[in-house]
>>> print(open('model-v8.txt').read())   # compact mmCIF, C-alpha atoms
# COMPACT_ATOMS: atom_id res chain seq x y z
CA MET E 1 110.94 67.74 130.66
CA THR E 2 109.64 68.14 127.10
CA LYS E 3 105.95 67.77 126.35
CA ASN E 4 106.40 64.55 124.33
CA LEU E 5 108.55 63.01 127.04
CA LEU E 6 105.92 63.86 129.64
CA PHE E 7 103.18 62.29 127.52
CA ALA E 8 105.32 59.18 127.00
CA LEU E 9 105.78 58.82 130.77
CA LEU E 10 102.06 59.27 131.43
CA PHE E 11 101.28 56.75 128.69
CA LEU E 12 103.62 54.10 130.13
CA THR E 13 102.25 54.55 133.65
CA ARG E 14 98.66 54.36 132.31
CA LEU E 15 97.81 57.75 133.79
CA THR E 16 96.62 58.73 130.31
CA ARG E 17 93.95 56.06 130.52
CA LEU E 18 92.93 57.32 133.98
CA VAL E 19 92.39 60.83 132.60
CA ALA E 20 90.42 59.33 129.70
CA TRP E 21 88.18 57.55 132.22
CA PHE E 22 87.39 60.85 133.97
CA ASN E 23 86.41 62.31 130.57
CA ARG E 24 84.57 59.21 129.34
CA LYS E 25 81.18 60.97 129.12
CA GLN E 26 82.52 63.55 126.67
CA VAL E 27 82.90 63.13 122.92
CA THR E 28 86.24 63.75 121.22
CA ILE E 29 86.12 64.88 117.58
CA LEU E 30 89.45 64.30 115.84
CA CYS E 31 90.60 66.52 112.97
CA TYR E 32 92.97 65.00 110.41
CA HIS E 33 93.95 66.55 107.10
CA SER E 34 96.08 64.21 105.00
CA VAL E 35 97.44 60.67 105.35
CA THR E 36 100.33 59.85 103.05
CA GLU E 37 102.17 56.68 102.07
CA GLN E 38 105.42 58.63 101.83
CA ARG E 39 107.80 57.35 104.47
CA GLU E 40 109.88 60.52 104.74
CA ALA E 41 108.52 63.75 106.20
CA LYS E 42 107.41 66.28 103.62
CA LEU E 43 109.73 69.28 103.50
CA ASP E 44 106.91 71.66 102.56
CA ASP E 45 104.63 70.76 105.47
CA PRO E 46 105.10 73.53 108.05
CA HIS E 47 101.81 72.74 109.80
CA GLN E 48 102.49 68.99 109.99
CA LEU E 49 99.29 68.10 108.14
CA HIS E 50 100.56 65.02 106.22
CA LEU E 51 100.44 62.06 108.60
CA PRO E 52 102.49 58.95 107.65
CA ILE E 53 100.30 55.92 107.07
CA ASP E 54 102.09 53.73 109.66
CA LEU E 55 101.42 56.31 112.36
CA PHE E 56 97.79 56.63 111.27
CA VAL E 57 97.35 52.85 111.51
CA SER E 58 98.72 52.94 115.07
CA HIS E 59 96.15 55.65 115.86
CA LEU E 60 93.34 53.48 114.48
CA ASP E 61 94.55 50.48 116.48
CA TYR E 62 94.50 52.54 119.68
CA LEU E 63 91.10 54.00 118.92
CA GLN E 64 89.55 50.60 118.33
CA ARG E 65 91.01 49.24 121.56
CA HIS E 66 89.83 52.04 123.81
CA TYR E 67 87.08 54.08 122.14
CA HIS E 68 83.66 53.74 120.55
CA LEU E 69 83.88 55.24 117.09
CA ILE E 70 80.70 56.96 116.00
CA SER E 71 79.79 59.29 113.15
CA LEU E 72 79.18 63.01 113.32
CA ALA E 73 75.59 62.31 112.27
CA ASP E 74 75.28 60.00 115.29
CA LEU E 75 76.24 62.90 117.56
CA VAL E 76 73.70 65.25 115.96
CA ARG E 77 70.98 62.57 116.11
CA ALA E 78 71.72 61.87 119.77
CA ARG E 79 71.38 65.55 120.64
CA ARG E 80 68.13 65.95 118.75
CA ASP E 81 66.50 62.75 120.03
CA ASN E 82 67.99 62.84 123.53
CA ILE E 83 69.85 59.56 122.99
CA GLN E 84 72.69 58.67 125.32
CA LEU E 85 75.96 58.05 123.50
CA PRO E 86 78.38 55.32 124.62
CA ASP E 87 81.22 56.21 126.97
CA ASN E 88 84.55 57.09 125.33
CA ALA E 89 82.93 58.12 122.05
CA ALA E 90 85.21 59.50 119.34
CA ILE E 91 84.59 60.85 115.84
CA LEU E 92 86.97 61.00 112.88
CA THR E 93 86.88 64.03 110.58
CA PHE E 94 89.17 65.03 107.70
CA ASP E 95 89.50 68.60 106.42
CA ASP E 96 90.18 69.92 102.89
CA GLY E 97 89.18 66.89 100.77
CA SER E 98 92.67 65.66 99.96
CA ARG E 99 92.62 62.91 97.33
CA ASN E 100 94.56 60.57 99.58
CA PHE E 101 91.34 60.22 101.57
CA LEU E 102 90.27 57.97 98.67
CA THR E 103 93.55 56.16 98.02
CA VAL E 104 94.97 55.82 101.55
CA VAL E 105 92.38 56.52 104.26
CA ALA E 106 89.17 55.01 102.89
CA PRO E 107 90.49 51.46 102.35
CA LEU E 108 91.68 51.33 105.96
CA LEU E 109 88.42 52.66 107.36
CA VAL E 110 86.24 50.40 105.20
CA GLN E 111 88.24 47.36 106.28
CA ARG E 112 87.79 48.32 109.94
CA GLN E 113 84.18 49.55 109.53
CA ILE E 114 85.05 52.97 110.97
CA PRO E 115 82.82 55.93 110.04
CA ALA E 116 84.29 59.31 109.11
CA THR E 117 83.33 62.71 107.73
CA SER E 118 85.34 64.48 105.03
CA PHE E 119 84.90 68.25 104.77
CA ILE E 120 85.46 69.41 101.21
CA VAL E 121 85.90 72.80 99.60
CA THR E 122 83.21 72.80 96.95
CA GLY E 123 84.46 75.46 94.52
CA GLU E 124 85.47 74.44 91.00
CA ASP E 125 89.19 74.92 91.69
CA PHE E 126 89.03 72.20 94.35
CA THR E 127 86.85 69.53 92.71
CA LYS E 128 88.18 69.29 89.15
CA GLU E 129 87.66 66.10 87.23
CA PHE E 130 90.84 64.42 85.93
CA THR E 131 90.91 61.65 83.35
CA ASP E 132 94.37 60.26 84.16
CA ARG E 133 93.69 59.25 87.75
CA SER E 134 94.19 55.77 89.12
CA ASP E 135 93.06 54.15 92.35
CA PRO E 136 96.47 53.32 93.87
CA TRP E 137 98.09 56.11 95.88
CA ARG E 138 100.48 58.42 94.04
CA PRO E 139 102.58 61.23 95.59
CA GLU E 140 100.47 63.87 93.85
CA ASP E 141 97.40 62.61 95.76
CA ASP E 142 98.78 64.40 98.85
CA ASP E 143 98.47 67.78 97.14
CA SER E 144 95.33 67.34 95.01
CA TYR E 145 91.65 67.13 95.82
CA LEU E 146 88.78 64.70 95.42
CA SER E 147 86.65 65.06 92.29
CA TRP E 148 82.86 64.90 92.54
CA ASN E 149 82.86 61.43 90.98
CA GLU E 150 85.24 60.29 93.70
CA VAL E 151 83.16 61.97 96.40
CA ARG E 152 80.06 60.12 95.17
CA GLN E 153 82.04 56.87 95.08
CA LEU E 154 83.05 57.36 98.72
CA ALA E 155 79.56 58.44 99.77
CA ALA E 156 78.24 55.17 98.32
CA LEU E 157 80.58 53.38 100.71
CA GLY E 158 78.96 55.16 103.66
CA PHE E 159 81.32 58.07 104.26
CA GLU E 160 79.77 61.37 105.27
CA PHE E 161 80.70 64.62 103.52
CA GLY E 162 80.36 68.16 104.74
CA SER E 163 81.14 71.70 103.70
CA HIS E 164 84.47 73.47 104.13
CA THR E 165 82.87 76.46 102.32
CA ALA E 166 83.15 77.27 98.62
CA THR E 167 86.67 78.76 98.57
CA HIS E 168 88.12 78.10 102.06
CA ALA E 169 87.66 81.74 103.07
CA THR E 170 88.21 82.74 106.71
CA LEU E 171 84.59 83.59 107.49
CA PRO E 172 84.94 86.13 110.35
CA GLU E 173 87.33 88.20 108.23
CA ILE E 174 85.01 88.78 105.27
CA PRO E 175 81.76 90.79 104.91
CA THR E 176 78.61 89.06 106.13
CA ALA E 177 77.13 88.92 102.62
CA HIS E 178 80.29 87.22 101.35
CA ALA E 179 80.23 84.74 104.26
CA ARG E 180 76.60 83.94 103.52
CA ALA E 181 77.45 83.28 99.86
CA GLU E 182 80.36 81.00 100.86
CA LEU E 183 78.10 78.91 103.09
CA GLU E 184 74.96 78.94 100.96
CA THR E 185 76.73 78.18 97.67
CA SER E 186 78.65 75.30 99.24
CA LEU E 187 75.52 73.82 100.83
CA ASN E 188 73.60 74.02 97.56
CA THR E 189 76.48 72.42 95.66
CA LEU E 190 76.66 69.52 98.12
CA SER E 191 72.90 69.01 97.89
CA SER E 192 72.91 68.97 94.09
CA GLN E 193 75.92 66.65 93.86
CA LEU E 194 75.01 64.21 96.63
CA GLY E 195 71.27 64.54 97.04
CA ALA E 196 69.02 66.57 99.33
CA ARG E 197 70.08 65.78 102.87
CA GLU E 198 71.70 67.44 105.84
CA PHE E 199 75.35 68.44 105.81
CA ALA E 200 77.75 69.48 108.54
CA LEU E 201 80.15 72.41 108.25
CA ALA E 202 83.81 72.80 109.17
CA TYR E 203 84.84 76.43 109.53
CA PRO E 204 87.99 77.12 107.45
CA HIS E 205 91.02 77.47 109.72
CA GLY E 206 88.62 76.60 112.54
CA GLN E 207 87.64 80.25 112.89
CA THR E 208 84.12 81.45 113.54
CA SER E 209 82.06 83.95 115.54
CA GLU E 210 78.63 84.04 117.14
CA ALA E 211 77.26 85.73 114.03
CA ILE E 212 78.75 83.06 111.74
CA ASN E 213 77.39 80.31 113.99
CA ARG E 214 73.88 81.78 113.74
CA LEU E 215 74.24 82.14 109.97
CA ALA E 216 75.24 78.49 109.55
CA ARG E 217 72.30 77.39 111.67
CA SER E 218 69.84 79.56 109.74
CA LEU E 219 71.01 78.20 106.38
CA GLY E 220 70.20 74.64 107.38
CA TYR E 221 73.53 73.04 108.30
CA SER E 222 73.17 70.20 110.80
CA CYS E 223 76.14 71.28 112.95
CA ALA E 224 79.51 72.98 112.64
CA VAL E 225 82.99 72.19 113.94
CA THR E 226 85.86 74.44 114.95
CA THR E 227 89.49 73.66 115.76
CA VAL E 228 89.17 74.91 119.33
CA LEU E 229 90.87 72.27 121.48
CA GLY E 230 88.60 70.28 123.73
CA ARG E 231 85.81 67.72 123.94
CA ASN E 232 82.04 67.98 123.74
CA ASP E 233 79.18 67.13 126.06
CA SER E 234 75.39 67.42 126.06
CA ASN E 235 75.61 71.17 126.62
CA SER E 236 78.02 71.92 123.77
CA ASP E 237 76.83 74.29 121.07
CA LEU E 238 76.22 72.18 117.95
CA PHE E 239 77.52 75.07 115.85
CA ALA E 240 80.73 75.55 117.83
CA LEU E 241 81.83 71.95 118.38
CA ARG E 242 85.40 71.53 119.59
CA ARG E 243 87.93 69.34 117.80
CA THR E 244 91.36 67.91 118.50
CA VAL E 245 93.72 68.56 115.59
CA ILE E 246 96.15 65.69 114.93
CA ALA E 247 99.58 66.52 113.50
CA ALA E 248 102.17 64.41 111.68
CA GLN E 249 104.49 64.55 114.69
CA ASP E 250 101.91 63.08 117.09
CA ASP E 251 103.40 59.77 118.17
CA LEU E 252 101.14 57.27 119.94
CA PRO E 253 101.63 58.64 123.52
CA THR E 254 100.91 62.18 122.29
CA PHE E 255 97.89 60.97 120.34
CA ALA E 256 96.58 59.16 123.41
CA ALA E 257 97.11 62.31 125.47
CA ARG E 258 95.14 64.37 122.95
CA LEU E 259 92.30 61.86 123.00
CA SER E 260 92.15 61.69 126.79
CA GLY E 261 92.03 65.44 127.37
CA LEU E 262 95.52 65.65 128.84
CA THR E 263 96.64 68.17 126.26
CA SER E 264 93.84 70.53 127.29
CA TRP E 265 95.00 70.36 130.88
CA TYR E 266 98.63 70.72 129.83
CA THR E 267 97.84 73.80 127.72
CA ARG E 268 95.94 75.49 130.53
CA LEU E 269 98.69 74.66 133.03
CA ALA E 270 101.40 75.96 130.69
CA GLU E 271 99.48 79.20 130.18
CA ASN E 272 99.15 79.68 133.94
CA PHE E 273 102.86 79.22 134.51
CA ARG E 274 104.31 80.93 131.44
CA ARG E 275 106.46 83.97 132.01
CA PRO E 276 104.71 87.29 131.31
CA THR E 277 105.80 89.04 128.14
CA MET E 278 106.35 92.77 127.69
CA LYS E 279 102.95 92.92 125.98
CA ASP E 280 101.33 91.35 129.04
CA LEU E 281 103.03 93.89 131.31
CA GLU E 282 101.92 96.77 129.10
CA LEU E 283 98.30 95.56 129.26
CA SER E 284 98.28 94.97 133.02
>>> encode(input="model-v8.txt", output="structure tokens")
Amino acid sequence: MTKNLLFALLFLTRLTRLVAWFNRKQVTILCYHSVTEQREAKLDDPHQLHLPIDLFVSHLDYLQRHYHLISLADLVRARRDNIQLPDNAAILTFDDGSRNFLTVVAPLLVQRQIPATSFIVTGEDFTKEFTDRSDPWRPEDDDSYLSWNEVRQLAALGFEFGSHTATHATLPEIPTAHARAELETSLNTLSSQLGAREFALAYPHGQTSEAINRLARSLGYSCAVTTVLGRNDSNSDLFALRRTVIAAQDDLPTFAARLSGLTSWYTRLAENFRRPTMKDLELS
């Protein structure tokens, strides 16, 4: 039985909702990248980052039926002030600052009054100002980035923005001084462009280390998110928050399974039962 078929069966028998109930006290942070109005799958999308709009709308419908959608700032505030969050809390985040966040995603979220955080790469190559842009979606929006004027426009609508570093460098793979510059420069740029307030951080490629976590905390970020699969509770490290990455091939049953925590169980089960490789045998 394939994974998607299994998730479809669990969805139809409502076992997905049962698993979600067991995990209701934990917070799921979703990680999207791009939502496109193109109906056909993009040929140059090996990581399945460009989600079709119709599928995204079905995700939003499901979320609003079964989950309490809160902001990342709500999570941080609850931890600091010892506030109990509602059961089945979920948070929407978007990585990379794709321009279709403005032309596709934002109108849907504003209409539904759903909060979200967009993590942007703050270097000049990623936030260029263009004079020939228009508000309606265009295919090039899927492969270009928000300008600072557009970021401010979205912030005025209530969307949160955070850092994805200055150049999208993989932080654990570069010298500490370089990592500090990536984080500090990005934080200062966000503060100067959007005003002096707290900002969250999304580690590029979801990769971090204990040293990077401590560095982000010391520089004044409010929290930081990874792409480690899982949910978060009151004991989760605010600078190593887990997220559930959503891909373009995630149909509704698969999406529901990711939200509920089923995919975490499935992954652990698959790892326990996978056949050992030659590398495993050599290390044993």
>>> residues_around(input="model-v8.txt", residues="range 190-200 of chain E", least_positions_apart="6", cutoff="7 Å", atoms="all atoms listed in the file", output="count of residues only")
8
>>> closest_residue(input="model-v8.txt", among="E:Ala216, E:Leu85, E:Leu108, E:Ala20", to="His66 in chain E", atoms="all atoms listed in the file")
E:Ala20
>>> residues_around(input="model-v8.txt", residues="His205 in chain E", least_positions_apart="3", cutoff="10 Å", atoms="only C-alpha atoms", output="mmCIF file with C-alpha atoms, in the frame of the given file")
data_model
loop_
_atom_site.group_PDB
_atom_site.id
_atom_site.type_symbol
_atom_site.label_atom_id
_atom_site.label_comp_id
_atom_site.auth_asym_id
_atom_site.auth_seq_id
_atom_site.Cartn_x
_atom_site.Cartn_y
_atom_site.Cartn_z
ATOM 1 C CA ASP E 95 89.500 68.600 106.420
ATOM 2 C CA HIS E 164 84.470 73.470 104.130
ATOM 3 C CA HIS E 168 88.120 78.100 102.060
ATOM 4 C CA ALA E 169 87.660 81.740 103.070
ATOM 5 C CA THR E 170 88.210 82.740 106.710
ATOM 6 C CA LEU E 171 84.590 83.590 107.490
ATOM 7 C CA ALA E 202 83.810 72.800 109.170
ATOM 8 C CA THR E 208 84.120 81.450 113.540
ATOM 9 C CA THR E 226 85.860 74.440 114.950
ATOM 10 C CA THR E 227 89.490 73.660 115.760
#
>>> atom_distance(input="model-v8.txt", atom1="CA of Arg77 in chain E", atom2="CA of Phe22 in chain E")
24.3 Å
>>> residues_near_point(input="model-v8.txt", point="(102.2, 65.0, 119.7)", cutoff="12 Å", atoms="only C-alpha atoms", output="compact mmCIF listing (two decimals) with C-alpha atoms, in the coordinates of the input")
# COMPACT_ATOMS: atom_id res chain seq x y z
CA THR E 2 109.64 68.14 127.10
CA LYS E 3 105.95 67.77 126.35
CA ASN E 4 106.40 64.55 124.33
CA LEU E 5 108.55 63.01 127.04
CA LEU E 6 105.92 63.86 129.64
CA PHE E 7 103.18 62.29 127.52
CA ALA E 8 105.32 59.18 127.00
CA GLN E 48 102.49 68.99 109.99
CA LEU E 51 100.44 62.06 108.60
CA LEU E 55 101.42 56.31 112.36
CA HIS E 59 96.15 55.65 115.86
CA THR E 244 91.36 67.91 118.50
CA VAL E 245 93.72 68.56 115.59
CA ILE E 246 96.15 65.69 114.93
CA ALA E 247 99.58 66.52 113.50
CA ALA E 248 102.17 64.41 111.68
CA GLN E 249 104.49 64.55 114.69
CA ASP E 250 101.91 63.08 117.09
CA ASP E 251 103.40 59.77 118.17
CA LEU E 252 101.14 57.27 119.94
CA PRO E 253 101.63 58.64 123.52
CA THR E 254 100.91 62.18 122.29
CA PHE E 255 97.89 60.97 120.34
CA ALA E 256 96.58 59.16 123.41
CA ALA E 257 97.11 62.31 125.47
CA ARG E 258 95.14 64.37 122.95
CA LEU E 259 92.30 61.86 123.00
CA LEU E 262 95.52 65.65 128.84
CA THR E 263 96.64 68.17 126.26
>>> atom_distance(input="model-v8.txt", atom1="CA of Leu102 in chain E", atom2="CA of Trp148 in chain E")
11.9 Å
>>> closest_residue(input="model-v8.txt", among="E:Gly220, E:Asp87, E:Val27, E:Ala116", to="Ala73 in chain E", atoms="all atoms listed in the file")
E:Ala116
>>> closest_residue(input="model-v8.txt", among="E:Ser236, E:Ser144, E:Asn23, E:Thr36", to="Val104 in chain E", atoms="all atoms listed in the file")
E:Thr36
>>> residues_near_point(input="model-v8.txt", point="(89.3, 62.2, 117.9)", cutoff="7 Å", atoms="only C-alpha atoms", output="PyMOL selection string")
chain E and resi 28-31+90-92+244+259
